[in-house]
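**Student:** Pasting query_31.txt here (compact mmCIF, C-alpha atoms):
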# COMPACT_ATOMS: atom_id res chain seq x y z
CA ILE G 1 86.63 166.02 138.33
CA LEU G 2 84.17 165.48 135.44
CA LEU G 3 86.98 165.84 132.90
CA LEU G 4 89.11 163.39 134.86
CA VAL G 5 86.24 160.86 134.95
CA PHE G 6 85.42 161.41 131.27
CA PHE G 7 88.98 161.20 129.93
CA GLY G 8 90.54 158.87 132.50
CA VAL G 9 88.01 156.47 133.96
CA TYR G 10 85.61 155.99 131.02
CA PRO G 11 88.29 154.79 128.53
CA LEU G 12 89.69 152.54 131.24
CA LEU G 13 86.25 150.98 131.90
CA SER G 14 85.55 150.51 128.19
CA GLN G 15 88.90 148.77 127.73
CA ILE G 16 88.19 146.52 130.74
CA LYS G 17 84.82 145.60 129.20
CA GLU G 18 86.43 144.79 125.84
CA GLU G 19 89.17 142.67 127.44
CA SER G 20 86.65 140.77 129.57
CA GLU G 21 84.59 139.95 126.43
CA ASN G 22 87.76 138.66 124.73
CA PHE G 23 88.58 136.62 127.83
CA ILE G 24 85.08 135.05 127.89
CA SER G 25 85.22 134.12 124.18
CA GLN G 26 88.69 132.57 124.58
CA ARG G 27 87.52 130.67 127.66
CA ASN G 28 84.52 129.29 125.71
CA ARG G 29 86.79 128.29 122.83
CA LEU G 30 89.16 126.59 125.28
CA ALA G 31 86.25 124.70 126.88
CA GLY G 32 85.17 123.51 123.41
CA LEU G 33 88.70 122.34 122.62
CA GLU G 34 88.94 120.53 125.95
CA THR G 35 85.68 118.71 125.17
CA LYS G 36 87.00 117.71 121.75
CA ILE G 37 90.26 116.45 123.29
CA LYS G 38 88.31 114.45 125.87
CA ASN G 39 86.12 112.89 123.15
CA LEU G 40 89.19 112.06 121.05
CA LYS G 41 90.87 110.35 124.00
CA GLU G 42 87.72 108.32 124.69
CA PHE G 43 87.54 107.31 121.03
CA GLN G 44 91.20 106.27 121.06
CA LYS G 45 90.53 104.10 124.12
CA SER G 46 87.57 102.37 122.48
CA TYR G 47 89.04 102.24 118.95
CA LYS G 48 89.65 98.50 119.16
CA LEU G 49 85.93 97.98 119.77
CA TYR G 50 85.07 100.10 116.75
CA GLN G 51 87.76 98.65 114.49
CA SER G 52 85.91 95.41 113.71
CA ASN G 53 82.72 97.36 112.93
CA LEU G 54 84.65 99.73 110.66
CA GLU G 55 86.09 96.77 108.78
CA LYS G 56 82.57 95.36 108.33
CA VAL G 57 81.36 98.68 106.99
CA ASP G 58 84.29 98.77 104.56
CA GLU G 59 83.21 95.38 103.17
CA LEU G 60 79.81 96.83 102.18
CA PHE G 61 81.40 98.85 99.38
CA ILE G 62 82.75 97.34 96.17
CA ASP G 63 86.07 98.23 94.59
CA SER G 64 85.31 100.66 91.76
CA THR G 65 88.52 99.91 89.87
CA GLU G 66 88.02 96.14 89.83
CA PRO G 67 84.46 95.06 90.68
CA ILE G 68 85.30 91.44 89.85
CA GLU G 69 84.34 90.13 93.29
CA PHE G 70 80.90 91.74 93.03
CA ILE G 71 80.35 90.42 89.49
CA GLU G 72 81.35 86.94 90.64
CA PHE G 73 78.83 87.27 93.48
CA LEU G 74 76.07 88.12 90.98
CA GLU G 75 77.02 85.20 88.71
CA LYS G 76 77.16 82.79 91.65
CA GLU G 77 73.78 83.97 92.97
CA ALA G 78 72.25 83.54 89.50
CA ALA G 79 73.76 80.06 89.12
CA VAL G 80 72.47 78.97 92.54
CA ASN G 81 68.99 80.07 91.51
CA ARG G 82 69.22 78.49 88.04
CA LEU G 83 69.07 81.77 86.14
CA ALA G 84 70.90 82.82 83.00
CA ILE G 85 72.54 86.18 83.58
CA LYS G 86 74.15 88.85 81.46
CA ILE G 87 75.94 91.65 83.37
CA THR G 88 76.90 95.00 81.91
CA PRO G 89 78.71 97.57 84.08
CA LEU G 90 77.29 100.92 83.00
CA SER G 91 78.89 103.82 84.74
CA PHE G 92 80.84 105.04 87.69
CA SER G 93 79.35 108.17 89.23
CA ALA G 94 80.75 110.40 91.93
CA SER G 95 78.41 113.36 91.80
CA GLU G 96 77.62 115.93 94.45
CA GLU G 97 74.04 114.71 94.87
CA ASN G 98 75.28 111.26 95.94
CA LEU G 99 76.92 111.03 99.34
CA TRP G 100 79.09 108.13 98.19
CA PRO G 101 80.44 107.23 94.78
CA ALA G 102 78.40 104.54 93.09
CA MET G 103 78.58 102.17 90.15
CA ASN G 104 75.59 101.10 88.06
CA PHE G 105 75.09 97.63 86.57
CA HIS G 106 72.55 96.45 84.03
CA LEU G 107 71.50 92.82 84.61
CA GLU G 108 69.47 90.67 82.27
CA LEU G 109 68.15 87.47 83.83
CA ALA G 110 66.16 84.62 82.34
CA GLY G 111 64.48 81.81 84.24
CA PHE G 112 61.44 80.75 86.21
CA PRO G 113 59.65 83.42 88.30
CA PRO G 114 60.23 81.69 91.70
CA ASP G 115 63.94 81.43 90.94
CA PHE G 116 64.02 85.11 90.06
CA LEU G 117 62.37 85.97 93.39
CA LYS G 118 65.01 83.92 95.22
CA PHE G 119 67.68 85.85 93.31
CA LEU G 120 66.16 89.14 94.50
CA GLU G 121 66.13 87.84 98.08
CA GLY G 122 69.80 86.95 97.66
CA LEU G 123 70.56 90.50 96.53
CA GLU G 124 68.64 91.86 99.48
CA SER G 125 70.61 89.79 101.97
CA SER G 126 73.94 90.29 100.21
CA PRO G 127 76.94 91.79 101.99
CA TYR G 128 76.92 94.77 99.60
CA LEU G 129 75.02 98.04 99.54
CA ILE G 130 72.71 97.63 96.55
CA GLU G 131 69.85 99.78 95.34
CA ILE G 132 67.51 98.57 92.60
CA LEU G 133 66.84 101.54 90.34
CA ASN G 134 64.71 99.85 87.69
CA LEU G 135 63.05 96.46 87.29
CA ASN G 136 61.26 95.18 84.18
CA LEU G 137 59.71 91.74 83.76
CA ARG G 138 58.44 90.22 80.55
CA LYS G 139 57.42 86.78 79.43
CA ASP G 140 60.05 84.90 77.49
CA ALA G 141 59.02 84.39 73.85
CA GLU G 142 60.80 81.02 73.51
CA PHE G 143 59.70 79.40 76.78
CA LYS G 144 56.19 79.89 78.09
CA ASN G 145 56.98 79.49 81.81
CA ASN G 146 60.13 81.64 81.81
CA VAL G 147 60.47 85.34 82.43
CA VAL G 148 63.16 87.74 81.31
CA ALA G 149 63.99 90.38 83.88
CA THR G 150 66.10 93.45 83.34
CA LEU G 151 67.47 95.16 86.41
CA LEU G 152 69.33 98.40 86.81
CA ILE G 153 71.15 98.35 90.13
CA LYS G 154 73.38 100.84 91.89
CA THR G 155 76.16 99.64 94.16
CA TYR G 156 78.17 101.93 96.35
CA THR G 157 81.93 101.90 95.95
CA LYS G 158 85.06 102.66 97.95
Output the structure of this file as structure tokens.

**Tutor:**
Amino acid sequence: ILLLVFFGVYPLLSQIKEESENFISQRNRLAGLETKIKNLKEFQKSYKLYQSNLEKVDELFIDSTEPIEFIEFLEKEAAVNRLAIKITPLSFSASEENLWPAMNFHLELAGFPPDFLKFLEGLESSPYLIEILNLNLRKDAEFKNNVVATLLIKTYTK
């Protein structure tokens, strides 16, 4: 009887245990997939609500191949604030440390300090994602009341 239990029942019980563990893991995987399917169906139902927000988010990024619209925005903002501007696109970077690809611009502005502050406020409230990396101010040698500002800005691209 002991030999029958050892060679017949024990392997059968160990196989039942192994199959039940496989069944539980497959059931958990199936439950996870069902949750994902449910979430996907809910997202598909509410996609129209999200679509306008996604389009707004897309407008925050500039076109890296032709940043003309962004450069025109900078020139217009400088003109509105009565500043002379010189724009130099520096580099396009898509490194691993940045989550999004970005493009750097070097700006040189000349004008009165209050106008320069208004320009900075315009950048802050702009429809683009902009980060000011470096800002230097110095007094203009030709005009006593003017300042010359050099800015290094990073804008995120599509």

**Student:** For Thr88 in chain G, which residue out of G:Leu117, G:Leu54, G:Ala141, G:Ile153 is the nearest one, using only C-alpha atoms?

**Tutor:**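 The shortest atom-to-atom distance to Thr88 in chain G comes from G:Ile153.
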
**Student:** May I ask for the distance between CA of Ile87 in chain G and CA of Ile71 in chain G, given in Å to one decimal place?

**Tutor:**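 These atoms are spaced 7.6 Å apart.
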
**Student:** Expressed in Å to a single decimal, how great is the separation between CA of Trp100 in chain G and CA of Phe70 in chain G?

**Tutor:**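 Spanning CA of Trp100 in chain G to CA of Phe70 in chain G is a straight-line distance of 17.3 Å.
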
**Student:** For CA of Gly122 in chain G and CA of Glu59 in chain G, quote the distance in Å rounded to one decimal.

**Tutor:** 16.8 Å

**Student:** Got a sec: who's within 10 Å of Asp58 in chain G, counting only C-alpha atoms, leaving out chain neighbours fewer than 6 positions off, as a list in words?

**Tutor:** Ser52, Tyr128, Thr157 and Lys158 of chain G

**Student:** Can you list, as a PyMOL selection string, every protein, DNA or RNA residue that comes within 12 Å of Pro114 in chain G when you count only C-alpha atoms, leaving out same-chain residues fewer than 2 positions away?

**Tutor:** chain G and resi 81-83+110-112+116-121+145-147

**Student:** Hey, can you spit out that residue selection with C-alpha atoms as a PDB file, in the frame of the given file?

**Tutor:**
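Saved to part30.pdb:
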ATOM      1  CA  ASN G  81      68.990  80.070  91.510  1.00  0.00           C
ATOM      2  CA  ARG G  82      69.220  78.490  88.040  1.00  0.00           C
ATOM      3  CA  LEU G  83      69.070  81.770  86.140  1.00  0.00           C
ATOM      4  CA  ALA G 110      66.160  84.620  82.340  1.00  0.00           C
ATOM      5  CA  GLY G 111      64.480  81.810  84.240  1.00  0.00           C
ATOM      6  CA  PHE G 112      61.440  80.750  86.210  1.00  0.00           C
ATOM      7  CA  PHE G 116      64.020  85.110  90.060  1.00  0.00           C
ATOM      8  CA  LEU G 117      62.370  85.970  93.390  1.00  0.00           C
ATOM      9  CA  LYS G 118      65.010  83.920  95.220  1.00  0.00           C
ATOM     10  CA  PHE G 119      67.680  85.850  93.310  1.00  0.00           C
ATOM     11  CA  LEU G 120      66.160  89.140  94.500  1.00  0.00           C
ATOM     12  CA  GLU G 121      66.130  87.840  98.080  1.00  0.00           C
ATOM     13  CA  ASN G 145      56.980  79.490  81.810  1.00  0.00           C
ATOM     14  CA  ASN G 146      60.130  81.640  81.810  1.00  0.00           C
ATOM     15  CA  VAL G 147      60.470  85.340  82.430  1.00  0.00           C
TER      16      VAL G 147
END

**Student:** Given 6 Å on each side, where is the centre and what are the edge lengths in Å to one decimal of the axis-aligned box enclosing the listed atoms of range 21-28 of chain G, as AutoDock Vina command-line options?

**Tutor:**
--center_x 86.6 --center_y 134.6 --center_z 126.0 --size_x 16.2 --size_y 22.7 --size_z 15.7

**Student:** I'd like to know which of G:Phe6, G:Tyr47, G:Phe23, G:Tyr156 is closest to Ile130 in chain G, using all atoms listed in the file.

**Tutor:** G:Tyr156

**Student:** For Pro127 in chain G, which residue among G:Leu12, G:Leu4, G:Val57, G:Ala31 is the nearest when counting all atoms listed in the file?

**Tutor:** G:Val57

**Student:** Out of G:Asn39, G:Ser46, G:Ser25, G:Ser126, which residue has the shortest atom-to-atom distance to Lys76 in chain G when counting all atoms listed in the file?

**Tutor:**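 Counting all atoms listed in the file, the residue closest to Lys76 in chain G is G:Ser126.
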
**Student:** Would you list the contacts of Lys154 in chain G as a list in words, taking every protein, DNA or RNA residue within 7 Å and counting all atoms listed in the file, but skipping same-chain residues closer than 2 positions in sequence?

**Tutor:**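 Returned residues: Ala102, Met103, Asn104, Phe105, Ile130, Glu131, Ile132, Leu133, Leu152 and Tyr156 of chain G.
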
**Student:** Could the residues in this selection be written to a file with C-alpha atoms, as a short mmCIF file (atom, residue, chain, number, x, y, z; two decimals), in the frame of the given file?

**Tutor:**
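Listed below is the output, out.cif:
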data_model
loop_
_atom_site.label_atom_id
_atom_site.label_comp_id
_atom_site.auth_asym_id
_atom_site.auth_seq_id
_atom_site.Cartn_x
_atom_site.Cartn_y
_atom_site.Cartn_z
CA ALA G 102 78.40 104.54 93.09
CA MET G 103 78.58 102.17 90.15
CA ASN G 104 75.59 101.10 88.06
CA PHE G 105 75.09 97.63 86.57
CA ILE G 130 72.71 97.63 96.55
CA GLU G 131 69.85 99.78 95.34
CA ILE G 132 67.51 98.57 92.60
CA LEU G 133 66.84 101.54 90.34
CA LEU G 152 69.33 98.40 86.81
CA TYR G 156 78.17 101.93 96.35
#

**Student:** For range 74-85 of chain G, supply all heavy atoms and report the output as an mmCIF file, keeping the file's coordinate frame.

**Tutor:**
data_model
loop_
_atom_site.group_PDB
_atom_site.id
_atom_site.type_symbol
_atom_site.label_atom_id
_atom_site.label_comp_id
_atom_site.auth_asym_id
_atom_site.auth_seq_id
_atom_site.Cartn_x
_atom_site.Cartn_y
_atom_site.Cartn_z
ATOM 1 N N LEU G 74 77.304 88.121 91.777
ATOM 2 C CA LEU G 74 76.070 88.120 90.980
ATOM 3 C C LEU G 74 75.951 86.843 90.152
ATOM 4 O O LEU G 74 74.875 86.229 90.079
ATOM 5 C CB LEU G 74 76.022 89.343 90.068
ATOM 6 C CG LEU G 74 75.866 90.705 90.734
ATOM 7 C CD1 LEU G 74 75.985 91.820 89.702
ATOM 8 C CD2 LEU G 74 74.541 90.798 91.465
ATOM 9 N N GLU G 75 77.041 86.428 89.529
ATOM 10 C CA GLU G 75 77.020 85.200 88.710
ATOM 11 C C GLU G 75 76.752 83.974 89.579
ATOM 12 O O GLU G 75 75.986 83.090 89.184
ATOM 13 C CB GLU G 75 78.351 85.047 87.975
ATOM 14 C CG GLU G 75 78.539 86.066 86.867
ATOM 15 C CD GLU G 75 79.921 86.030 86.242
ATOM 16 O OE1 GLU G 75 80.856 85.450 86.864
ATOM 17 O OE2 GLU G 75 80.072 86.597 85.142
ATOM 18 N N LYS G 76 77.365 83.917 90.754
ATOM 19 C CA LYS G 76 77.160 82.790 91.650
ATOM 20 C C LYS G 76 75.711 82.748 92.135
ATOM 21 O O LYS G 76 75.077 81.679 92.147
ATOM 22 C CB LYS G 76 78.101 82.892 92.854
ATOM 23 C CG LYS G 76 77.933 81.785 93.861
ATOM 24 C CD LYS G 76 78.837 82.006 95.053
ATOM 25 C CE LYS G 76 78.478 81.025 96.155
ATOM 26 N NZ LYS G 76 79.057 81.392 97.425
ATOM 27 N N GLU G 77 75.160 83.891 92.500
ATOM 28 C CA GLU G 77 73.780 83.970 92.970
ATOM 29 C C GLU G 77 72.806 83.546 91.863
ATOM 30 O O GLU G 77 71.824 82.847 92.120
ATOM 31 C CB GLU G 77 73.474 85.391 93.453
ATOM 32 C CG GLU G 77 72.233 85.527 94.267
ATOM 33 C CD GLU G 77 72.313 84.839 95.617
ATOM 34 O OE1 GLU G 77 73.392 84.745 96.215
ATOM 35 O OE2 GLU G 77 71.247 84.372 96.081
ATOM 36 N N ALA G 78 73.104 83.936 90.631
ATOM 37 C CA ALA G 78 72.250 83.540 89.500
ATOM 38 C C ALA G 78 72.371 82.036 89.254
ATOM 39 O O ALA G 78 71.367 81.363 88.987
ATOM 40 C CB ALA G 78 72.630 84.317 88.251
ATOM 41 N N ALA G 79 73.572 81.496 89.350
ATOM 42 C CA ALA G 79 73.760 80.060 89.120
ATOM 43 C C ALA G 79 73.067 79.231 90.196
ATOM 44 O O ALA G 79 72.460 78.199 89.888
ATOM 45 C CB ALA G 79 75.253 79.733 89.091
ATOM 46 N N VAL G 80 73.136 79.676 91.441
ATOM 47 C CA VAL G 80 72.470 78.970 92.540
ATOM 48 C C VAL G 80 70.963 78.926 92.299
ATOM 49 O O VAL G 80 70.303 77.933 92.590
ATOM 50 C CB VAL G 80 72.797 79.642 93.896
ATOM 51 C CG1 VAL G 80 71.865 79.174 94.993
ATOM 52 C CG2 VAL G 80 74.238 79.376 94.271
ATOM 53 N N ASN G 81 70.423 79.992 91.743
ATOM 54 C CA ASN G 81 68.990 80.070 91.510
ATOM 55 C C ASN G 81 68.581 79.661 90.088
ATOM 56 O O ASN G 81 67.462 79.942 89.659
ATOM 57 C CB ASN G 81 68.496 81.511 91.796
ATOM 58 C CG ASN G 81 68.618 81.848 93.249
ATOM 59 O OD1 ASN G 81 68.038 81.170 94.092
ATOM 60 N ND2 ASN G 81 69.393 82.867 93.567
ATOM 61 N N ARG G 82 69.485 79.020 89.385
ATOM 62 C CA ARG G 82 69.220 78.490 88.040
ATOM 63 C C ARG G 82 68.706 79.563 87.073
ATOM 64 O O ARG G 82 67.722 79.385 86.370
ATOM 65 C CB ARG G 82 68.233 77.324 88.106
ATOM 66 C CG ARG G 82 68.729 76.146 88.931
ATOM 67 C CD ARG G 82 67.731 75.029 89.032
ATOM 68 N NE ARG G 82 66.404 75.402 89.493
ATOM 69 C CZ ARG G 82 66.025 75.442 90.767
ATOM 70 N NH1 ARG G 82 66.875 75.154 91.709
ATOM 71 N NH2 ARG G 82 64.789 75.768 91.092
ATOM 72 N N LEU G 83 69.411 80.673 87.040
ATOM 73 C CA LEU G 83 69.070 81.770 86.140
ATOM 74 C C LEU G 83 70.224 82.034 85.188
ATOM 75 O O LEU G 83 71.392 81.952 85.574
ATOM 76 C CB LEU G 83 68.777 83.054 86.923
ATOM 77 C CG LEU G 83 67.569 83.048 87.853
ATOM 78 C CD1 LEU G 83 67.568 84.313 88.703
ATOM 79 C CD2 LEU G 83 66.288 82.946 87.064
ATOM 80 N N ALA G 84 69.881 82.353 83.948
ATOM 81 C CA ALA G 84 70.900 82.820 83.000
ATOM 82 C C ALA G 84 71.059 84.315 83.235
ATOM 83 O O ALA G 84 70.076 85.035 83.394
ATOM 84 C CB ALA G 84 70.447 82.544 81.582
ATOM 85 N N ILE G 85 72.300 84.772 83.254
ATOM 86 C CA ILE G 85 72.540 86.180 83.580
ATOM 87 C C ILE G 85 73.508 86.796 82.587
ATOM 88 O O ILE G 85 74.432 86.145 82.109
ATOM 89 C CB ILE G 85 73.069 86.340 85.029
ATOM 90 C CG1 ILE G 85 73.115 87.809 85.436
ATOM 91 C CG2 ILE G 85 74.412 85.682 85.191
ATOM 92 C CD1 ILE G 85 73.359 88.040 86.910
#
